[in-house]
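Engineer: Please find final.cif (mmCIF, C-alpha atoms and all ligand atoms) on the next line:
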data_target
loop_
_atom_site.label_atom_id
_atom_site.label_comp_id
_atom_site.auth_asym_id
_atom_site.auth_seq_id
_atom_site.Cartn_x
_atom_site.Cartn_y
_atom_site.Cartn_z
CA VAL A 80 27.85 -18.80 0.21
CA ALA A 81 31.27 -17.23 -0.26
CA PRO A 82 32.15 -14.00 1.54
CA ALA A 83 32.20 -10.96 -0.72
CA PRO A 84 35.70 -9.96 -1.89
CA ALA A 85 37.12 -7.00 0.00
CA SER A 86 37.18 -4.81 -3.07
CA PRO A 87 35.13 -5.99 -6.03
CA SER A 88 36.69 -5.70 -9.47
CA PRO A 89 35.23 -2.92 -11.65
CA LEU A 90 33.30 -5.54 -13.63
CA GLN A 91 31.54 -6.86 -10.54
CA GLN A 92 30.55 -3.44 -9.30
CA ALA A 93 26.86 -2.80 -9.84
CA ALA A 94 25.98 0.40 -11.65
CA PRO A 95 25.43 3.15 -9.07
CA ARG A 96 21.77 3.59 -8.25
CA ARG A 97 20.25 6.80 -9.57
CA VAL A 98 18.16 8.44 -6.88
CA PRO A 99 15.05 10.04 -8.41
CA LEU A 100 14.66 13.78 -7.83
CA GLY A 101 11.01 13.94 -8.79
CA ILE A 102 8.02 11.67 -9.28
CA GLN A 103 8.58 11.76 -13.07
CA GLU A 104 11.77 9.80 -12.45
CA VAL A 105 10.03 7.02 -10.51
CA ASP A 106 9.25 4.13 -12.83
CA ASN A 107 5.62 2.99 -12.75
CA GLY A 108 5.78 0.72 -15.75
CA ALA A 109 7.69 -2.33 -14.48
CA ILE A 110 5.11 -4.52 -12.80
CA LEU A 111 5.95 -7.58 -10.70
CA GLY A 112 3.93 -10.70 -9.97
CA PHE A 113 0.14 -10.75 -10.41
CA SER A 114 0.15 -8.51 -13.50
CA ALA A 115 -2.22 -9.01 -16.41
CA GLU A 116 -0.71 -12.52 -16.60
CA LEU A 117 -2.76 -14.01 -13.77
CA SER A 118 -1.29 -17.11 -12.17
CA GLU A 119 -3.14 -20.43 -12.05
CA ASP A 120 -4.20 -19.97 -8.44
CA HIS A 121 -5.77 -16.56 -9.15
CA PRO A 122 -9.59 -16.67 -8.93
CA GLY A 123 -9.81 -14.99 -12.35
CA PHE A 124 -7.45 -17.40 -14.12
CA HIS A 125 -10.23 -19.24 -16.01
CA ASP A 126 -12.30 -16.12 -16.66
CA ALA A 127 -11.31 -14.77 -20.08
CA ALA A 128 -13.56 -11.70 -19.82
CA TYR A 129 -12.04 -10.80 -16.45
CA LYS A 130 -8.53 -11.14 -17.82
CA GLN A 131 -9.32 -8.92 -20.80
CA ARG A 132 -10.83 -6.32 -18.48
CA ARG A 133 -7.65 -6.31 -16.41
CA VAL A 134 -5.53 -5.84 -19.53
CA ASN A 135 -7.65 -2.88 -20.65
CA ILE A 136 -7.53 -1.13 -17.28
CA CYS A 137 -3.81 -1.84 -16.90
CA ASN A 138 -3.12 -0.34 -20.32
CA LEU A 139 -4.86 2.89 -19.29
CA ALA A 140 -2.58 3.10 -16.24
CA ARG A 141 0.48 2.43 -18.40
CA SER A 142 -0.34 5.28 -20.73
CA HIS A 143 -0.95 7.76 -17.89
CA ARG A 144 1.49 10.68 -17.68
CA ILE A 145 2.18 12.80 -14.61
CA GLY A 146 0.12 15.96 -14.66
CA GLU A 147 -2.73 14.46 -16.68
CA PRO A 148 -5.97 13.57 -14.91
CA ILE A 149 -6.21 9.92 -13.85
CA PRO A 150 -8.21 7.97 -16.45
CA HIS A 151 -11.91 7.62 -15.70
CA ILE A 152 -13.08 3.99 -15.53
CA SER A 153 -16.67 3.07 -16.34
CA TYR A 154 -17.13 0.22 -13.91
CA THR A 155 -19.53 -2.54 -14.93
CA ALA A 156 -22.64 -3.46 -12.92
CA GLU A 157 -20.83 -6.56 -11.67
CA GLU A 158 -17.85 -4.52 -10.49
CA VAL A 159 -20.11 -2.00 -8.77
CA ALA A 160 -21.85 -4.88 -6.99
CA VAL A 161 -18.54 -6.24 -5.67
CA TRP A 162 -17.56 -2.76 -4.50
CA GLY A 163 -20.93 -2.02 -2.88
CA SER A 164 -21.09 -5.29 -1.01
CA ALA A 165 -17.51 -4.96 0.25
CA LEU A 166 -18.07 -1.37 1.36
CA THR A 167 -21.35 -2.08 3.15
CA ARG A 168 -20.08 -5.11 5.01
CA LEU A 169 -16.72 -3.60 5.94
CA GLU A 170 -18.35 -0.44 7.28
CA HIS A 171 -20.22 -2.54 9.83
CA LEU A 172 -16.93 -3.71 11.28
CA PHE A 173 -15.07 -0.39 11.23
CA GLN A 174 -16.73 1.20 14.22
CA GLN A 175 -15.52 -1.55 16.48
CA HIS A 176 -12.29 -2.66 14.83
CA ALA A 177 -10.73 0.24 12.90
CA CYS A 178 -8.35 2.60 14.70
CA LYS A 179 -9.52 6.10 15.56
CA GLU A 180 -7.37 7.85 12.94
CA PHE A 181 -9.02 5.77 10.23
CA GLN A 182 -12.48 6.52 11.54
CA ARG A 183 -11.74 10.22 11.75
CA SER A 184 -10.74 10.42 8.05
CA TRP A 185 -13.37 8.05 6.74
CA PRO A 186 -16.16 10.64 6.15
CA LEU A 187 -13.86 12.84 4.03
CA PHE A 188 -14.19 10.53 1.04
CA ASP A 189 -17.97 10.11 1.07
CA LEU A 190 -17.77 6.55 -0.28
CA ARG A 191 -21.07 5.12 -1.44
CA PRO A 192 -22.09 1.58 -2.33
CA ASP A 193 -23.80 2.46 -5.62
CA ALA A 194 -20.70 3.75 -7.45
CA VAL A 195 -17.01 2.87 -7.51
CA PRO A 196 -15.26 6.18 -6.83
CA GLN A 197 -12.86 7.61 -9.42
CA LEU A 198 -9.22 7.91 -8.37
CA GLU A 199 -9.00 11.43 -9.82
CA ASP A 200 -11.71 12.69 -7.43
CA LEU A 201 -10.16 10.90 -4.46
CA SER A 202 -6.74 12.27 -5.33
CA GLN A 203 -8.16 15.81 -5.19
CA VAL A 204 -9.56 15.16 -1.70
CA LEU A 205 -6.26 13.71 -0.55
CA GLN A 206 -4.27 16.64 -1.94
CA GLY A 207 -6.48 18.98 0.05
CA THR A 208 -5.76 17.17 3.32
CA THR A 209 -2.16 15.90 3.40
CA GLY A 210 -0.84 16.84 -0.04
CA PHE A 211 -0.60 13.20 -1.12
CA ARG A 212 -1.75 12.44 -4.65
CA ILE A 213 -2.58 9.26 -6.48
CA ARG A 214 -0.80 7.90 -9.55
CA PRO A 215 -2.45 5.01 -11.40
CA VAL A 216 -0.43 1.85 -11.80
CA ALA A 217 -1.02 -1.46 -13.60
CA GLY A 218 -0.09 -3.76 -10.72
CA LEU A 219 2.55 -4.41 -8.09
CA LEU A 220 5.58 -2.16 -8.53
CA HIS A 221 9.08 -3.05 -7.53
CA PRO A 222 9.11 -2.17 -3.81
CA ARG A 223 11.82 0.43 -4.30
CA ASP A 224 9.78 2.30 -6.91
CA PHE A 225 6.64 2.05 -4.81
CA LEU A 226 8.32 3.39 -1.66
CA ASN A 227 10.20 6.06 -3.67
CA GLY A 228 6.80 7.38 -4.76
CA LEU A 229 5.92 8.09 -1.13
CA ALA A 230 8.95 10.39 -0.87
CA PHE A 231 7.23 12.60 -3.46
CA ARG A 232 3.90 12.28 -1.64
CA THR A 233 2.59 10.04 -4.39
CA PHE A 234 0.62 6.89 -3.76
CA HIS A 235 0.62 4.38 -6.61
CA SER A 236 -2.79 2.84 -6.91
CA THR A 237 -4.41 0.11 -9.00
CA GLN A 238 -7.83 0.68 -10.57
CA TYR A 239 -9.06 -2.81 -11.44
CA MET A 240 -11.58 -4.71 -9.31
CA ARG A 241 -10.97 -8.04 -7.56
CA HIS A 242 -12.70 -11.10 -9.05
CA SER A 243 -16.36 -11.35 -8.06
CA SER A 244 -15.97 -14.98 -6.90
CA LYS A 245 -13.68 -13.94 -4.00
CA PRO A 246 -14.89 -10.55 -2.76
CA ASP A 247 -13.72 -10.94 0.84
CA TYR A 248 -10.03 -11.51 0.23
CA THR A 249 -7.57 -11.03 -2.60
CA PRO A 250 -3.82 -11.53 -2.23
CA GLU A 251 -3.03 -8.57 -4.51
CA PRO A 252 -3.92 -4.90 -4.37
CA ASP A 253 -7.07 -3.80 -6.21
CA VAL A 254 -9.23 -0.67 -6.18
CA ILE A 255 -11.10 -1.77 -3.02
CA HIS A 256 -7.83 -2.28 -1.20
CA GLU A 257 -6.38 1.08 -2.30
CA VAL A 258 -9.46 3.18 -1.69
CA ILE A 259 -10.96 1.65 1.43
CA GLY A 260 -7.72 0.43 3.01
CA HIS A 261 -5.15 3.10 2.20
CA LEU A 262 -6.78 6.44 1.45
CA PRO A 263 -8.36 7.18 4.84
CA MET A 264 -5.02 6.62 6.58
CA LEU A 265 -3.15 8.74 4.00
CA ALA A 266 -5.56 11.58 4.80
CA ASP A 267 -4.36 11.56 8.41
CA PRO A 268 -1.53 14.13 8.82
CA SER A 269 0.56 12.09 11.21
CA PHE A 270 0.23 8.91 9.14
CA ALA A 271 1.00 10.86 5.96
CA SER A 272 4.17 12.24 7.47
CA LEU A 273 5.17 8.72 8.42
CA ALA A 274 4.51 7.45 4.89
CA HIS A 275 6.60 10.34 3.57
CA ALA A 276 9.45 9.47 5.96
CA ILE A 277 9.40 5.84 4.81
CA GLY A 278 9.55 7.08 1.23
CA VAL A 279 12.51 9.37 1.92
CA ALA A 280 14.30 6.54 3.76
CA SER A 281 13.81 4.34 0.68
CA LEU A 282 15.73 6.88 -1.42
CA ALA A 283 18.71 6.44 0.90
CA ALA A 284 18.43 2.69 1.55
CA ASP A 285 20.93 0.18 0.18
CA GLU A 286 19.59 -3.25 -0.81
CA GLU A 287 19.77 -4.72 2.71
CA GLN A 288 18.21 -1.66 4.33
CA LEU A 289 15.48 -1.66 1.70
CA LYS A 290 14.54 -5.25 2.59
CA HIS A 291 13.99 -4.25 6.20
CA LEU A 292 12.15 -1.08 5.22
CA VAL A 293 9.79 -3.08 3.00
CA LYS A 294 9.05 -5.40 5.93
CA LEU A 295 8.42 -2.43 8.21
CA TYR A 296 6.04 -1.03 5.61
CA TRP A 297 4.30 -4.40 5.27
CA TYR A 298 3.85 -4.99 9.01
CA THR A 299 2.60 -1.43 9.64
CA VAL A 300 1.03 0.30 6.64
CA GLU A 301 -0.31 -2.97 5.20
CA PHE A 302 -0.95 -5.19 8.22
CA GLY A 303 -0.35 -3.09 11.32
CA VAL A 304 -2.55 -3.05 14.40
CA VAL A 305 -2.50 -0.55 17.25
CA ARG A 306 -3.47 -0.76 20.90
CA GLU A 307 -6.28 1.51 22.08
CA GLY A 308 -6.70 0.88 25.79
CA SER A 309 -7.23 -2.85 26.15
CA ASP A 310 -8.37 -3.24 22.52
CA VAL A 311 -6.39 -4.04 19.41
CA LYS A 312 -7.51 -2.01 16.37
CA ALA A 313 -6.59 -2.31 12.71
CA PHE A 314 -4.76 0.42 10.85
CA GLY A 315 -3.11 -1.66 8.11
CA ALA A 316 -4.78 -1.36 4.71
CA GLY A 317 -4.59 -5.10 4.03
CA ILE A 318 -6.75 -5.74 7.09
CA LEU A 319 -9.15 -2.84 6.54
CA SER A 320 -9.89 -3.72 2.90
CA SER A 321 -10.64 -7.40 3.44
CA TYR A 322 -13.82 -8.53 5.17
CA GLY A 323 -12.23 -11.92 5.74
CA GLU A 324 -8.96 -10.59 7.15
CA LEU A 325 -10.70 -8.02 9.36
CA GLN A 326 -12.93 -10.70 10.86
CA HIS A 327 -9.88 -12.91 11.33
CA MET A 328 -8.15 -10.09 13.22
CA ALA A 329 -11.23 -9.19 15.23
CA ALA A 330 -11.74 -12.81 16.26
CA GLY A 331 -8.18 -12.99 17.60
CA GLY A 332 -7.26 -15.39 14.80
CA ALA A 333 -3.61 -14.32 14.83
CA GLU A 334 -0.92 -13.74 17.40
CA VAL A 335 -0.28 -10.07 18.28
CA ALA A 336 3.38 -9.19 18.96
CA PRO A 337 4.94 -5.82 19.82
CA LEU A 338 6.78 -4.15 16.93
CA ASP A 339 10.47 -3.43 17.45
CA VAL A 340 11.60 -1.44 14.42
CA TRP A 341 15.27 -2.30 15.00
CA GLN A 342 14.81 -6.10 15.12
CA PRO A 343 14.62 -8.47 12.13
CA LEU A 344 11.07 -9.11 10.93
CA PRO A 345 9.60 -12.26 9.36
CA LYS A 346 9.69 -12.79 5.61
CA ILE A 347 6.63 -11.38 3.87
CA SER A 348 4.42 -13.43 1.60
CA TYR A 349 1.52 -12.60 -0.70
CA LYS A 350 0.63 -16.26 -0.94
CA ASP A 351 -0.07 -17.47 2.58
CA GLY A 352 -3.57 -16.12 3.14
CA TYR A 353 -4.49 -14.30 6.36
CA GLN A 354 -1.62 -13.14 8.54
CA LYS A 355 -0.56 -15.48 11.34
CA ARG A 356 0.95 -12.68 13.37
CA TYR A 357 0.21 -8.97 13.55
CA PHE A 358 2.67 -6.45 14.91
CA ALA A 359 1.14 -3.93 17.29
CA LEU A 360 2.10 -0.34 18.00
CA GLU A 361 1.65 0.58 21.67
CA SER A 362 -0.08 3.71 20.45
CA PHE A 363 -0.13 5.37 17.09
CA GLU A 364 1.93 8.31 18.40
CA ALA A 365 4.58 6.13 20.08
CA GLY A 366 4.84 3.85 17.04
CA ALA A 367 5.21 6.81 14.70
CA VAL A 368 8.12 8.14 16.81
CA GLU A 369 9.92 4.77 16.58
CA LEU A 370 9.33 4.39 12.87
CA GLN A 371 10.38 7.98 12.21
CA ALA A 372 13.58 7.32 14.19
CA TYR A 373 14.38 4.27 12.06
CA CYS A 374 13.72 6.25 8.88
CA ALA A 375 15.83 9.15 10.09
CA SER A 376 18.75 6.75 10.62
CA LEU A 377 18.71 6.02 6.87
CA GLN A 378 17.94 9.56 5.75
CA ALA A 379 21.26 10.75 7.18
CA GLY A 380 23.01 9.61 3.99
CA LEU A 381 20.99 11.79 1.59
CA THR A 382 22.58 14.58 -0.43
CA ASP A 383 21.32 18.15 -0.11
CA GLU A 384 19.92 17.92 -3.63
CA VAL A 385 17.74 14.94 -2.71
CA ARG A 386 16.72 16.48 0.61
CA ALA A 387 15.54 19.61 -1.17
CA ALA A 388 13.65 17.53 -3.76
CA VAL A 389 11.59 15.79 -1.07
CA GLY A 390 11.01 18.89 1.04
CA LEU A 391 13.45 18.20 3.90
CA ALA A 392 15.47 21.00 5.43
CA SER A 393 19.19 20.48 4.66
N1 LIG B 1 -5.97 -9.02 1.26
C1 LIG B 1 -6.28 -7.64 0.94
C2 LIG B 1 -7.74 -7.54 0.46
O1 LIG B 1 -8.38 -8.54 0.20
O2 LIG B 1 -8.23 -6.42 0.34
C3 LIG B 1 -5.32 -7.07 -0.10
C4 LIG B 1 -3.88 -7.06 0.36
C5 LIG B 1 -2.91 -6.40 -0.61
C6 LIG B 1 -1.50 -6.39 -0.10
FE FE2 B 2 -1.48 -1.91 -0.04
#
Could you write out this file's structure as structure tokens?

Structural biologist:
Amino acid sequence: VAPAPASPSPLQQAAPRRVPLGIQEVDNGAILGFSAELSEDHPGFHDAAYKQRRVNICNLARSHRIGEPIPHISYTAEEVAVWGSALTRLEHLFQQHACKEFQRSWPLFDLRPDAVPQLEDLSQVLQGTTGFRIRPVAGLLHPRDFLNGLAFRTFHSTQYMRHSSKPDYTPEPDVIHEVIGHLPMLADPSFASLAHAIGVASLAADEEQLKHLVKLYWYTVEFGVVREGSDVKAFGAGILSSYGELQHMAAGGAEVAPLDVWQPLPKISYKDGYQKRYFALESFEAGAVELQAYCASLQAGLTDEVRAAVGLAS
């Protein structure tokens, strides 16, 4: 690798990044990885009906416009069965293994096994608690777009269901992951303000800073654990939405290391199955202070226009 030239020629200079000033300016159309084109190792790869279903639901998300209600999905009996079984079995583990913030918010959403909830209804509940709202999306967004959404208190959420042959673990987000894993935490005021801070930091981050921010997001919001007395509890959505991963965590199947927000973090992977190491916050409050401090260190570079757009005092 050659060192970068001291001053790049005009041709080599990348176009300056346009910082969005509203959620309308955050792209939700460019989907990475696992989109409707399922890869060979996806459990639905040989299931033509499943693939067509994914395409249909993804197209609804693609045609959604800000301000319109989120499309209603009529889930099939098979999809409802996957949802109901996941919900019932996960709930049994939550009392012992989910963090207290999650458990406090859980009843707000009144999730029931006999119907997959509609994102529009859940978005209304969320708006009434922390002001976050849901925007439907066809699959994995570019991490910058996804995190930028959080700056405008918008959570991009998929609506399709995981394949019925692998209900306990999917490597990609799906409606079970979004609703059961993410929404209860986003209804917690302190967690919501943290998610917002990560979003604002992403507006300011250069490419290197963004890589670290994405890892921080992954090892906290997706796969974080928190100490409660002598116990380790899950608060990451990727643990809380997967019966397999939650059991793995509860059984001590992975190493637990303290999180230092300023130190390099391991590479993230969607392909390696259950996590081999979880990063633990000493307490939710202490962890939030550290994460907020890291985010604030990036936010310093924002213009007054951007600060106003995301509701920060200038
Ligand atoms: N493994 C999680 C689940 O099965 O719900 C999804 C993780 C998405 C990053
Ligand atoms: Fe997620």

Engineer: Compare A:Phe211, A:Phe363, A:Phe234, A:Tyr298 by their minimum atom-to-atom distance to Ser348 (chain A), counting only C-alpha atoms, and give me the closest one.

Structural biologist: A:Tyr298

Engineer: Using only C-alpha atoms, which residues sit within 12 Å of region 321-332 of chain A once same-chain residues fewer than 5 positions away are excluded, as a PDB file with C-alpha atoms, in the frame of the given file?

Structural biologist:
ATOM      1  CA  TRP A 162     -17.560  -2.760  -4.500  1.00  0.00           C
ATOM      2  CA  SER A 164     -21.090  -5.290  -1.010  1.00  0.00           C
ATOM      3  CA  ALA A 165     -17.510  -4.960   0.250  1.00  0.00           C
ATOM      4  CA  LEU A 166     -18.070  -1.370   1.360  1.00  0.00           C
ATOM      5  CA  THR A 167     -21.350  -2.080   3.150  1.00  0.00           C
ATOM      6  CA  ARG A 168     -20.080  -5.110   5.010  1.00  0.00           C
ATOM      7  CA  LEU A 169     -16.720  -3.600   5.940  1.00  0.00           C
ATOM      8  CA  GLU A 170     -18.350  -0.440   7.280  1.00  0.00           C
ATOM      9  CA  HIS A 171     -20.220  -2.540   9.830  1.00  0.00           C
ATOM     10  CA  LEU A 172     -16.930  -3.710  11.280  1.00  0.00           C
ATOM     11  CA  PHE A 173     -15.070  -0.390  11.230  1.00  0.00           C
ATOM     12  CA  GLN A 174     -16.730   1.200  14.220  1.00  0.00           C
ATOM     13  CA  GLN A 175     -15.520  -1.550  16.480  1.00  0.00           C
ATOM     14  CA  HIS A 176     -12.290  -2.660  14.830  1.00  0.00           C
ATOM     15  CA  ALA A 177     -10.730   0.240  12.900  1.00  0.00           C
ATOM     16  CA  ARG A 241     -10.970  -8.040  -7.560  1.00  0.00           C
ATOM     17  CA  LYS A 245     -13.680 -13.940  -4.000  1.00  0.00           C
ATOM     18  CA  PRO A 246     -14.890 -10.550  -2.760  1.00  0.00           C
ATOM     19  CA  ASP A 247     -13.720 -10.940   0.840  1.00  0.00           C
ATOM     20  CA  TYR A 248     -10.030 -11.510   0.230  1.00  0.00           C
ATOM     21  CA  THR A 249      -7.570 -11.030  -2.600  1.00  0.00           C
ATOM     22  CA  PRO A 250      -3.820 -11.530  -2.230  1.00  0.00           C
ATOM     23  CA  GLU A 251      -3.030  -8.570  -4.510  1.00  0.00           C
ATOM     24  CA  PRO A 252      -3.920  -4.900  -4.370  1.00  0.00           C
ATOM     25  CA  ASP A 253      -7.070  -3.800  -6.210  1.00  0.00           C
ATOM     26  CA  VAL A 254      -9.230  -0.670  -6.180  1.00  0.00           C
ATOM     27  CA  ILE A 255     -11.100  -1.770  -3.020  1.00  0.00           C
ATOM     28  CA  HIS A 256      -7.830  -2.280  -1.200  1.00  0.00           C
ATOM     29  CA  GLU A 257      -6.380   1.080  -2.300  1.00  0.00           C
ATOM     30  CA  VAL A 258      -9.460   3.180  -1.690  1.00  0.00           C
ATOM     31  CA  ILE A 259     -10.960   1.650   1.430  1.00  0.00           C
ATOM     32  CA  GLY A 260      -7.720   0.430   3.010  1.00  0.00           C
ATOM     33  CA  HIS A 261      -5.150   3.100   2.200  1.00  0.00           C
ATOM     34  CA  GLU A 301      -0.310  -2.970   5.200  1.00  0.00           C
ATOM     35  CA  PHE A 302      -0.950  -5.190   8.220  1.00  0.00           C
ATOM     36  CA  GLY A 303      -0.350  -3.090  11.320  1.00  0.00           C
ATOM     37  CA  VAL A 304      -2.550  -3.050  14.400  1.00  0.00           C
ATOM     38  CA  VAL A 305      -2.500  -0.550  17.250  1.00  0.00           C
ATOM     39  CA  ASP A 310      -8.370  -3.240  22.520  1.00  0.00           C
ATOM     40  CA  VAL A 311      -6.390  -4.040  19.410  1.00  0.00           C
ATOM     41  CA  LYS A 312      -7.510  -2.010  16.370  1.00  0.00           C
ATOM     42  CA  ALA A 313      -6.590  -2.310  12.710  1.00  0.00           C
ATOM     43  CA  PHE A 314      -4.760   0.420  10.850  1.00  0.00           C
ATOM     44  CA  GLY A 315      -3.110  -1.660   8.110  1.00  0.00           C
ATOM     45  CA  ALA A 316      -4.780  -1.360   4.710  1.00  0.00           C
ATOM     46  CA  GLY A 352      -3.570 -16.120   3.140  1.00  0.00           C
ATOM     47  CA  TYR A 353      -4.490 -14.300   6.360  1.00  0.00           C
ATOM     48  CA  GLN A 354      -1.620 -13.140   8.540  1.00  0.00           C
ATOM     49  CA  LYS A 355      -0.560 -15.480  11.340  1.00  0.00           C
ATOM     50  CA  ARG A 356       0.950 -12.680  13.370  1.00  0.00           C
ATOM     51  CA  TYR A 357       0.210  -8.970  13.550  1.00  0.00           C
ATOM     52  CA  PHE A 358       2.670  -6.450  14.910  1.00  0.00           C
ATOM     53  CA  ALA A 359       1.140  -3.930  17.290  1.00  0.00           C
TER      54      ALA A 359
END

Engineer: Go ahead and compute the interatomic distance for CA of Val134 (chain A) and CA of Gln238 (chain A), in Å to one decimal.

Structural biologist: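 Between CA of Val134 (chain A) and CA of Gln238 (chain A) the gap works out to 11.3 Å.
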
Engineer: May I ask for the distance between CA of Leu226 (chain A) and CA of Asp120 (chain A), given in Å to one decimal place?

Structural biologist: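 Separation of CA of Leu226 (chain A) and CA of Asp120 (chain A): 27.4 Å.
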
Engineer: Which residues of region 183-282 of chain A have any atom within 7 Å of an atom in region 373-386 of chain A when counting all atoms listed in the file, and what is the closest pair of atoms for each, with the distance in Å to one decimal? Order the rows by chain and rising number and write it as a tab-separated table.

Structural biologist:
residue	atom	partner	partner_atom	distance
A:Ala276	CA	A:Cys374	CA	6.1
A:Ile277	CA	A:Cys374	CA	5.9
A:Val279	CA	A:Gln378	CA	6.6
A:Ala280	CA	A:Gln378	CA	5.1

Engineer: Please measure the separation of CA of Ala372 (chain A) and CA of Ser281 (chain A), giving the value in Å to one decimal.

Structural biologist: 13.8 Å

Engineer: Compare A:Trp185, A:Phe124, A:Tyr349, A:Tyr154 by their minimum atom-to-atom distance to ligand LIG 1 (chain B), counting all atoms listed in the file, and give me the closest one.

Structural biologist: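 Checking each candidate against ligand LIG 1 (chain B), we get A:Tyr349 as the closest.
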
Engineer: Here's a test: counting only C-alpha atoms, identify every protein, DNA and RNA residue with an atom at most 10 Å from (-9.5, 20.4, 6.3) in the file's coordinate frame, and state them as a list in words.

Structural biologist: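 Residues with an atom close enough to that point: Leu187, Val204, Gly207, Thr208, Thr209 and Ala266 of chain A.
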
Engineer: Which residue is closest to Tyr296 (chain A)? Choose from A:Gly146, A:Gly210, A:Gly317, A:Gly163 and count only C-alpha atoms.

Structural biologist: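 Result for the nearest residue to Tyr296 (chain A): A:Gly317.
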
Engineer: Is it possible to get the axis-aligned box enclosing region 228-235 of chain A (all listed atoms, 5 Å extra per side) as JSON, with centre and edge lengths in Å rounded to one decimal?

Structural biologist:
{"center_x": 4.8, "center_y": 8.5, "center_z": -3.7, "size_x": 18.3, "size_y": 18.2, "size_z": 15.7}

Engineer: For a quick check of your reading of the model, name the residues lying within 12 Å of the coordinate (17.3, -2.3, 1.1), counting only C-alpha atoms, and write them as a PDB file with C-alpha atoms, in the frame of the given file.

Structural biologist:
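Heads up, here's the output in selection_30.pdb:
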ATOM      1  CA  ARG A  96      21.770   3.590  -8.250  1.00  0.00           C
ATOM      2  CA  HIS A 221       9.080  -3.050  -7.530  1.00  0.00           C
ATOM      3  CA  PRO A 222       9.110  -2.170  -3.810  1.00  0.00           C
ATOM      4  CA  ARG A 223      11.820   0.430  -4.300  1.00  0.00           C
ATOM      5  CA  ASP A 224       9.780   2.300  -6.910  1.00  0.00           C
ATOM      6  CA  LEU A 226       8.320   3.390  -1.660  1.00  0.00           C
ATOM      7  CA  ASN A 227      10.200   6.060  -3.670  1.00  0.00           C
ATOM      8  CA  ILE A 277       9.400   5.840   4.810  1.00  0.00           C
ATOM      9  CA  ALA A 280      14.300   6.540   3.760  1.00  0.00           C
ATOM     10  CA  SER A 281      13.810   4.340   0.680  1.00  0.00           C
ATOM     11  CA  LEU A 282      15.730   6.880  -1.420  1.00  0.00           C
ATOM     12  CA  ALA A 283      18.710   6.440   0.900  1.00  0.00           C
ATOM     13  CA  ALA A 284      18.430   2.690   1.550  1.00  0.00           C
ATOM     14  CA  ASP A 285      20.930   0.180   0.180  1.00  0.00           C
ATOM     15  CA  GLU A 286      19.590  -3.250  -0.810  1.00  0.00           C
ATOM     16  CA  GLU A 287      19.770  -4.720   2.710  1.00  0.00           C
ATOM     17  CA  GLN A 288      18.210  -1.660   4.330  1.00  0.00           C
ATOM     18  CA  LEU A 289      15.480  -1.660   1.700  1.00  0.00           C
ATOM     19  CA  LYS A 290      14.540  -5.250   2.590  1.00  0.00           C
ATOM     20  CA  HIS A 291      13.990  -4.250   6.200  1.00  0.00           C
ATOM     21  CA  LEU A 292      12.150  -1.080   5.220  1.00  0.00           C
ATOM     22  CA  VAL A 293       9.790  -3.080   3.000  1.00  0.00           C
ATOM     23  CA  LYS A 294       9.050  -5.400   5.930  1.00  0.00           C
ATOM     24  CA  LEU A 295       8.420  -2.430   8.210  1.00  0.00           C
ATOM     25  CA  LEU A 377      18.710   6.020   6.870  1.00  0.00           C
TER      26      LEU A 377
END

Engineer: Using all atoms listed in the file, which residue out of A:Ile110, A:Arg214, A:Ala230, A:Arg132 lies closest to Val98 (chain A)?

Structural biologist: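 Comparing A:Ile110, A:Arg214, A:Ala230, A:Arg132 against Val98 (chain A), the winner is A:Ala230.
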